[in-house]
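**Q** The structure that follows is given in the form of structure tokens.
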Amino acid sequence: MPIIKSARKRVKTANKAAIRNSKTKRTLKEALKNFQSAVTSGKKINEAHDAAQSALDTAVKKNILHKNKVARKKAQLSKAAKAAGSKPVKNAAKTATPAKKVVAKKPAAKTAPKKPAAKKPVAKKAPAKKTTKK
């Protein structure tokens with residue numbers, strides 16, 4: 001155990017981060033395994049694909065994996081899902097329920113703005129006198 005107070009604090013925060021990172025890694029591994037099993041069984045591929053991509057995005061957000069590695073993994077997942085016969089759905093929630101049209105109400109006819117009461121004109125300053133050199 002370190003003697004310096006700031007080093008002790010760093011040990012505590014490093015332990016917290018390690019726990020947090022290990023949880024994220026575990027969920028990522030589970031999501032990838034679920035996707036692989038879905039591909040082999042041919043059932044619920046889209047749901048497993050979405051969950052795996054979400055887990056990968058979370059890993060990038062928490063700086064556990066590099067963004068390029070995740071992009072490569074996501075491409076591999078999409079390729080595997082397509083090979084398994086899954087049709088890509090961009091957002092299943094949007095396609096399941098059609099969006100309702102929102103009709104904007106037209107604003108009431110505009111009336112002419114009321115003119116403010118006439119103000120007295122502001123008195124202008126007289127221009128400075130010109131002096132000529134002799």
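Going by the structure tokens order, chains are called A, B, ..., each with residues numbered from 1, while ligands are numbered from 1 in the order shown.
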What's around Lys69 (chain A) at 10 Å? Count only C-alpha atoms, leave out sequence neighbours fewer than 6 positions away in its own chain, and write the answer as a PyMOL selection string.
**A** chain A and resi 56+60+75
**Q** Please list as an MDAnalysis selection string every residue within 12 Å of region 28-41 of chain A, counting only C-alpha atoms and excluding residues in the same chain fewer than 5 positions away.
**A** chainID A and resid 21:23 46:60 64:65 70 73:74 76:86
**Q** Store the residues picked out above, limited to C-alpha atoms, as a PDB file, in the first residue's frame.
**A**
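Below is the file that was written, again.pdb:
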```pdb
ATOM      1  CA  ASN A  21     -14.254  -1.992 -17.060  1.00  0.00           C
ATOM      2  CA  SER A  22     -14.546  -5.682 -16.258  1.00  0.00           C
ATOM      3  CA  LYS A  23     -18.356  -5.402 -16.099  1.00  0.00           C
ATOM      4  CA  ASN A  46     -31.597  -9.007 -35.586  1.00  0.00           C
ATOM      5  CA  GLU A  47     -32.129  -8.626 -31.831  1.00  0.00           C
ATOM      6  CA  ALA A  48     -28.792 -10.240 -31.019  1.00  0.00           C
ATOM      7  CA  HIS A  49     -27.091  -8.111 -33.669  1.00  0.00           C
ATOM      8  CA  ASP A  50     -28.538  -4.916 -32.195  1.00  0.00           C
ATOM      9  CA  ALA A  51     -27.495  -5.937 -28.677  1.00  0.00           C
ATOM     10  CA  ALA A  52     -23.961  -6.759 -29.815  1.00  0.00           C
ATOM     11  CA  GLN A  53     -23.584  -3.450 -31.633  1.00  0.00           C
ATOM     12  CA  SER A  54     -24.902  -1.587 -28.612  1.00  0.00           C
ATOM     13  CA  ALA A  55     -22.399  -3.350 -26.354  1.00  0.00           C
ATOM     14  CA  LEU A  56     -19.586  -2.468 -28.758  1.00  0.00           C
ATOM     15  CA  ASP A  57     -20.663   1.182 -28.816  1.00  0.00           C
ATOM     16  CA  THR A  58     -20.705   1.237 -25.015  1.00  0.00           C
ATOM     17  CA  ALA A  59     -17.167  -0.169 -24.929  1.00  0.00           C
ATOM     18  CA  VAL A  60     -15.971   2.633 -27.194  1.00  0.00           C
ATOM     19  CA  ILE A  64     -12.297   0.085 -23.259  1.00  0.00           C
ATOM     20  CA  LEU A  65     -11.863  -0.641 -26.962  1.00  0.00           C
ATOM     21  CA  VAL A  70     -15.067  -1.619 -32.869  1.00  0.00           C
ATOM     22  CA  LYS A  73     -16.014  -5.810 -35.294  1.00  0.00           C
ATOM     23  CA  LYS A  74     -19.315  -4.211 -36.257  1.00  0.00           C
ATOM     24  CA  GLN A  76     -17.773  -8.440 -39.150  1.00  0.00           C
ATOM     25  CA  LEU A  77     -21.045  -8.784 -37.241  1.00  0.00           C
ATOM     26  CA  SER A  78     -23.033  -7.305 -40.110  1.00  0.00           C
ATOM     27  CA  LYS A  79     -21.316  -9.589 -42.580  1.00  0.00           C
ATOM     28  CA  ALA A  80     -22.078 -12.646 -40.421  1.00  0.00           C
ATOM     29  CA  ALA A  81     -25.711 -11.593 -39.966  1.00  0.00           C
ATOM     30  CA  LYS A  82     -26.122 -11.086 -43.700  1.00  0.00           C
ATOM     31  CA  ALA A  83     -24.540 -14.471 -44.440  1.00  0.00           C
ATOM     32  CA  ALA A  84     -26.955 -16.080 -41.971  1.00  0.00           C
ATOM     33  CA  GLY A  85     -29.875 -14.752 -43.988  1.00  0.00           C
ATOM     34  CA  SER A  86     -30.932 -11.901 -41.762  1.00  0.00           C
TER      35      SER A  86
END
```
**Q** Please extract the residues of chain A with a backbone DSSP assignment of alpha helix (DSSP H) and present them as number ranges by chain.
**A** A: 5-41, 45-61, 67-83, 92-96
